[in-house]
Structures are given as structure tokens and as C-alpha cells.
Amino acid sequence: MSPEVKPDFLISPEGLRIDGRRPDEMRPIELKVGVLKQADGSASIRQGKTYIIAGVYGPRELHPRHLTLNDRAYLRVEYRMATFSVPDRKRPAPSRREREISMVIANALKPALFLQEFPKSVVDIFITVIQADGGTRCAAINAASLALADAGIPMRSLIPAVAVGKADGKLLVDLGDEEDKYGQGDVPMAIIPQTEEITLLQQDGSFTREELNEAMQMGITSCKYLHELQKEALRRSYVKKTPDNGDEDDDDDGSYEDDLETDLGEAELMED
Amino acid sequence: MAVYFQKREVVVPGQLLAEGRYRASFGTYDEEGKIFSSLVGLAELRGNTVKVVALEGAYIPKEGDLVIGTINIVAGNNWKVNIGGPYGASLHANNALRRPYSEDISEYMDIGDVIAAEVIAFDRGSGPFLGMKGRDLRVLQGGMILEVSPAKIPRIIGRRGSMINMIQDHLNIETMVAQNGRIWIRAPSTEILRLAIKAFRTIEDQAHTSKLTDRISEMLAEEMATIKGSSKPEEEVGPEEVSVPDDSSEVESEPEPELKPEPDATTEAEEEKPVEVEADAEVKEEDEKQTEEVSEE
């Protein structure tokens, strides 16, 4: 990898960003659900060059025992970067930054989860950054949220997250690596889309009150777009499992109703 | 008053399902009169109750569940049993043995034994307690344990046991399907065991699709025809039949006479369908008894 140089400009004279995006345009995002075989739930995200995999295990027995919470499950998040994820080799020991981001991600996801349904247990989320290109904490939240849903953890909603920042005096959505490093500020945020409740809001760099308000508005809009992508990715992962879609849909109509409805009901799930 | 999903639609967490006088049930939550899904699953409306049938999830014990577990620890008068999922269960000797029993309960069941038991109590305060009285709860011997996702168990049992009975009828095997996602299978031959595993895996994989019972039935009929064509199944089945009745009164003893005595593999394959339907109708009464075991209401 060639040594990094500071780009001459982050916003071109035409008003486009260094990778040709408009200020409110996100990088291409690819979400996949169920990418790991061993985990109870998993998801991966590619956002520009950022590539992250999240795996969820649990709810399962909590070790060490002293962490047990009697009224809800413990949410344990481990965010790690692969040694080869950044230009200089990252030393493999967990760094202060990784521990902090782990906590931040846990706090961003927690409000959406119904952890009280599994007292005394633990839900583990392992996040590995395979390649970092800016916005890893937000991308990690996106992937972790999908992985949780894939694991069957009940939740109020999927959580989308995005970073809004400022470079050359302009507000930009979904910062890339250079924009993050050489820009003037960064506001990562995560929301619960239905209610627009904010579950993560951090800031570095300085923003005026107006800028921050606008940045948050841009963030919310982008999060809602991301939320649609998440829902679609999740649905796709289940629909594609259906074998021979073609005739399946055709011959369904007649017998399937009674067959299936009672099938699933009678056996276990009738609580009442 | 409105419902925002189609029958058996795949829904995602946070999706608005219904509004107005509906009742939120499993897999959903209620917020200001609106019902949202809390899981990925298939949405269903029954009466005015909205629920989501989960497609994934760990095993959470429920009173009355039949579970299959492995004994971990013998501690005093208790066995600690691994039943999968986040909670380890305990089985007290009083709930398993007839008194008087010997002081050292490992004489009866020891570490590593696989047992079928019932969840007799579970709440947030105290972990699941098991019991082994009644039904045919016992130490499982022989056969194998297949682990599937607990969320798929209802589908494997099917409506009133339609699926599992169909499989048992076809393959002439002994099975015990536990709510914690473990299935005990004892089959007369390796081929049939493999076929049974394949069937269960297929159901697990395609649990959210429709007409599954028919498809599995077809597959099994076909494969059984091939197995029978290549070897003489009667001999392998014979000895097993003798050993079956004493430790369990499984239903397959009923349809057997209809299925097995046909010597010709080809005619069997052709007649499989009608035979199966007949058998179903006949054993319906028995079926219900048998399903109660596995699918506690």
C-alpha cells in the first residue's frame, strides 16, 4: 500500500466528494444475513471498502457467573479489528479504542432489545472488522443489528447507524476514510427508525448548533434509507431459502392455509 | 382496526402488523395500540390475536415441555441436566425415582446419560426443574440424538403430529421429538437412519414453506423404494420390531402390517400414497395420544 497523502481537496470545485459522491449520498452498501454457519445469527456489511462481519451467540449461559443480571440478559459486545484491516498492521491485542467502541455499540443496540425475556443469560455479539475504510462503528451497528435479528433475539426494531461529518465546511453523510481523517468533524449516530429515538450520538470536531441540527437531520434521513436496506436484506435471506419458488407460489392457494396455520399453532407456540 | 400483513408473510422486527383492537401475542409487542413484530418470522392472525412464528431462536423452557437432556453433574439428590439453550436444568431424585431409593443416585442415572424428561417448573426466579414421572420418560438407550433449531420443532411435529407420524410410518423408526430441539431416532438400519436425518434436516431448512408434509412424504416414499430395491429390508426390520413394544408403545406398530408385508418394491412405491392416507385415518386416535407427548398444549 502506497503511503497515504493528504488529498488536495475533500470537496471538488463541482461540489462532489473525493470519491465522486454528492454530499448526501451514501457509499454503496451490501448487506448479507446468515453468513456464518456456527453462529446463531450473523450478518456482513460492505460499505464502500469497509467490510465487517458480525456473529451473535445466545441467549446462552453466562460465564463468568458474577456478571449475571437477574432481570435480563447481559449484552456482551466485542468489536475487534483484524490485523490486516488498516494500512499499518494493527497490533492484535485489544486496544482502548476497541473496548470503547464495543461499549458504544452495546449501548446503541440495547434500547431496542427485549433482553428481559432471557434473565440470567448472555447474548454475545462478536464483530470483526475485516477491512476498515471509515465509519466502522456505524457499519458494525448495522451488521450487529441484523445478526441479532437473525439469531431470533426479540427486538423493537432493527437499528440503522450512519456517520455524518464535516469537510471543507460542508456537511457530508457516511464519511469515507479520508474525509474522516482530514475532515473537520464526525457525528456518528444510530436511531430507532419508527420513533426517531437516538440510541447513539457522538461527536468529534466542532460544529455550530445549526450545523449539528442539520447533520442530525441528514443522519436520520440516511438511517431511514439504511433501515429499508436492512429489512430487505433480512427478508431476502429467508425468502431465498424457499425451494423451487416457481411452482411453490402457484399451487399454494388451495390447501396451504389450513395445513400451515394449524401446523405451527397447535404444536407449541400457542401460549394462550 | 387494520391489519398490515398478509397471511404467513415474512415479517421483520419493528414492522407494523396491526392497529386497533388486536391482541399482541408471541413474537410481537404493543406500543400505543399498535402491534409490531419483534422477530423475524411468519405473521399470523387468529381471531383477534396477532403473533409471529419465529424462524430462529434458542430454547426457552416452558412448563410441560418434553425435553431431551444430558446429565452433567450428579449432586446429592439432584442431577444437573443440560437441555440446551441458556438455562441448565435440575432433576431432583424425588421427581424421577420411586421411593425408597439408594443414597447414591448415580446408581440409577449417571453423568453422560441421555434422558427424556418433562419441565415441571420454570419461572424467572428459579431455573427449570425436570420430572421423569409418567408418559414414557426414561433414559434413552441406543439410537442417536439429532439437534435441530428449537424454533423448527412445531413444524417437525406438524399439526397434531401429522409430520412426525408420517415420517415414522414411512421409515418404520422410533423417534422422540423434544421441544428443546433434540430428536431421538432409533432406526433399523443405517440407510434408514440417514434418510430420517435427511428428512428432518429438510424440514428444518424449509420450515417456512408450504406443503412441506406432502413433499417430505414424496421424498421418503421414493427413497424408501430405492432402499428396498437394493436390499432386503424385511430382515433388518424384523428383529427391531420385536424389541420395540416393550419400551414404548409407538404408533408405527399400527401401520406396519399395511406397509411392510408387501414384498414387491415397485408396487409399494406406487401404492405408497393411498396406503399412507389410510394408515393416517386409522391411527388418528392413537396419534392424538402420541402427539400430546411431544406437543404439550
# chains A, B, ... in the order shown; residues from 1 in each chain; ligands from 1
>>> select_by_dssp(residues="segment 122-171 of chain A", states="alpha helix (DSSP H)", output="mmCIF file with C-alpha atoms, in the first residue's frame")
data_model
loop_
_atom_site.group_PDB
_atom_site.id
_atom_site.type_symbol
_atom_site.label_atom_id
_atom_site.label_comp_id
_atom_site.auth_asym_id
_atom_site.auth_seq_id
_atom_site.Cartn_x
_atom_site.Cartn_y
_atom_site.Cartn_z
ATOM 1 C CA THR A 136 -16.680 1.136 11.048
ATOM 2 C CA ARG A 137 -18.607 1.681 14.252
ATOM 3 C CA CYS A 138 -21.755 2.593 12.359
ATOM 4 C CA ALA A 139 -21.355 -0.216 9.882
ATOM 5 C CA ALA A 140 -20.767 -2.552 12.813
ATOM 6 C CA ILE A 141 -24.051 -1.481 14.395
ATOM 7 C CA ASN A 142 -25.887 -2.103 11.134
ATOM 8 C CA ALA A 143 -24.452 -5.583 10.832
ATOM 9 C CA ALA A 144 -24.828 -6.461 14.513
ATOM 10 C CA SER A 145 -28.469 -5.469 14.478
ATOM 11 C CA LEU A 146 -29.123 -7.762 11.537
ATOM 12 C CA ALA A 147 -27.201 -10.587 13.173
ATOM 13 C CA LEU A 148 -29.314 -10.217 16.319
ATOM 14 C CA ALA A 149 -32.495 -10.466 14.296
ATOM 15 C CA ASP A 150 -31.094 -13.489 12.503
#
>>> residues_around(residues="Ile156 of chain B", least_positions_apart="2", cutoff="8 Å", atoms="only C-alpha atoms", output="PyMOL selection string")
chain B and resi 152-154+158+163-164+200+203-204
>>> closest_residue(among="B:Glu31, B:Leu130, B:Met219, B:Glu107", to="Asp65 of chain B", atoms="only C-alpha atoms")
B:Leu130
>>> closest_atom_pairs(of="chain B", to="chain A", cutoff="6 Å", atoms="only C-alpha atoms", output="Markdown table")
| residue | atom | partner | partner_atom | distance |
| --- | --- | --- | --- | --- |
| B:Pro13 | CA | A:Ser157 | CA | 4.9 |
| B:Gly14 | CA | A:Ser157 | CA | 4.0 |
| B:Ser38 | CA | A:Met155 | CA | 4.8 |
| B:Leu39 | CA | A:Pro154 | CA | 5.2 |
| B:Glu56 | CA | A:Gly152 | CA | 4.7 |
| B:Gly57 | CA | A:Gly152 | CA | 4.4 |
| B:Gly85 | CA | A:Arg60 | CA | 5.7 |
| B:Pro86 | CA | A:Arg60 | CA | 3.6 |
| B:Pro154 | CA | A:Ala267 | CA | 5.0 |
| B:Arg155 | CA | A:Leu264 | CA | 5.9 |
| B:Gly158 | CA | A:Asp263 | CA | 4.9 |
| B:Arg159 | CA | A:Asp263 | CA | 3.9 |
| B:Ser295 | CA | A:Ala267 | CA | 4.9 |
>>> atom_distance(atom1="atom CA of Val77 of chain A", atom2="atom CA of Ile191 of chain A")
18.3 Å
>>> atom_distance(atom1="atom CA of Phe122 of chain B", atom2="atom CA of Glu63 of chain B")
6.1 Å
>>> residues_around(residues="Leu31 of chain A", least_positions_apart="5", cutoff="8 Å", atoms="only C-alpha atoms", output="compact mmCIF listing (two decimals) with C-alpha atoms, in the first residue's frame")
# COMPACT_ATOMS: atom_id res chain seq x y z
CA ALA A 43 -24.53 -10.71 9.08
CA SER A 44 -21.94 -8.94 7.00
CA ILE A 45 -21.80 -5.45 5.63
CA ARG A 46 -19.80 -3.87 2.87
CA ALA A 143 -24.45 -5.58 10.83
CA LEU A 229 -31.87 -1.92 3.15
CA GLN A 230 -31.63 -3.86 6.40
CA ALA A 233 -31.63 -8.00 3.41
>>> decode(residues="segment 158-228 of chain A", atoms="C-alpha atoms", output="short mmCIF file (atom, residue, chain, number, x, y, z; two decimals), in the first residue's frame")
data_model
loop_
_atom_site.label_atom_id
_atom_site.label_comp_id
_atom_site.auth_asym_id
_atom_site.auth_seq_id
_atom_site.Cartn_x
_atom_site.Cartn_y
_atom_site.Cartn_z
CA LEU A 158 -33.55 -3.01 13.63
CA ILE A 159 -31.07 -0.24 14.36
CA PRO A 160 -29.53 1.64 11.47
CA ALA A 161 -26.49 3.84 12.04
CA VAL A 162 -24.57 6.33 9.97
CA ALA A 163 -21.82 8.88 10.44
CA VAL A 164 -22.35 12.47 9.35
CA GLY A 165 -19.33 14.72 9.17
CA LYS A 166 -17.94 17.97 8.02
CA ALA A 167 -15.20 18.52 5.46
CA ASP A 168 -14.18 21.75 3.80
CA GLY A 169 -17.07 23.37 5.65
CA LYS A 170 -19.74 21.16 4.13
CA LEU A 171 -21.84 18.52 5.87
CA LEU A 172 -21.37 15.05 4.44
CA VAL A 173 -23.20 11.81 5.01
CA ASP A 174 -21.38 8.49 5.51
CA LEU A 175 -17.77 9.62 5.78
CA GLY A 176 -15.07 7.72 3.97
CA ASP A 177 -11.63 7.21 5.43
CA GLU A 178 -10.02 10.40 4.09
CA GLU A 179 -12.99 12.52 4.95
CA ASP A 180 -12.81 11.14 8.45
CA LYS A 181 -9.08 11.71 8.82
CA TYR A 182 -8.71 15.08 7.15
CA GLY A 183 -12.17 16.50 7.63
CA GLN A 184 -13.26 18.83 10.42
CA GLY A 185 -15.63 16.64 12.33
CA ASP A 186 -17.59 13.50 12.65
CA VAL A 187 -21.01 12.72 14.17
CA PRO A 188 -21.83 9.03 14.27
CA MET A 189 -25.42 8.33 15.12
CA ALA A 190 -27.88 5.46 15.41
CA ILE A 191 -31.64 5.66 15.70
CA ILE A 192 -34.75 3.58 16.21
CA PRO A 193 -36.42 4.47 12.94
CA GLN A 194 -40.13 4.42 13.87
CA THR A 195 -39.77 6.86 16.71
CA GLU A 196 -36.56 8.56 15.64
CA GLU A 197 -35.20 7.92 19.12
CA ILE A 198 -31.46 8.39 19.09
CA THR A 199 -29.51 5.50 20.58
CA LEU A 200 -26.04 6.69 19.63
CA LEU A 201 -24.77 10.18 19.17
CA GLN A 202 -21.12 11.04 19.36
CA GLN A 203 -19.21 13.97 18.03
CA ASP A 204 -15.68 14.93 17.38
CA GLY A 205 -14.57 18.20 15.87
CA SER A 206 -16.59 21.32 16.34
CA PHE A 207 -20.00 22.06 14.94
CA THR A 208 -22.21 25.07 15.39
CA ARG A 209 -25.66 24.44 16.77
CA GLU A 210 -27.20 24.87 13.30
CA GLU A 211 -24.68 22.52 11.74
CA LEU A 212 -25.30 19.87 14.35
CA ASN A 213 -29.06 20.10 13.90
CA GLU A 214 -28.70 19.81 10.17
CA ALA A 215 -26.20 16.99 10.50
CA MET A 216 -28.61 15.06 12.69
CA GLN A 217 -31.43 15.61 10.25
CA MET A 218 -29.24 14.30 7.42
CA GLY A 219 -28.28 11.36 9.62
CA ILE A 220 -31.88 10.47 10.36
CA THR A 221 -32.80 10.56 6.69
CA SER A 222 -29.87 8.31 5.82
CA CYS A 223 -30.63 5.96 8.69
CA LYS A 224 -34.15 5.51 7.40
CA TYR A 225 -32.79 4.64 3.99
CA LEU A 226 -30.40 2.17 5.61
CA HIS A 227 -33.24 0.69 7.60
CA GLU A 228 -35.01 -0.17 4.38
#
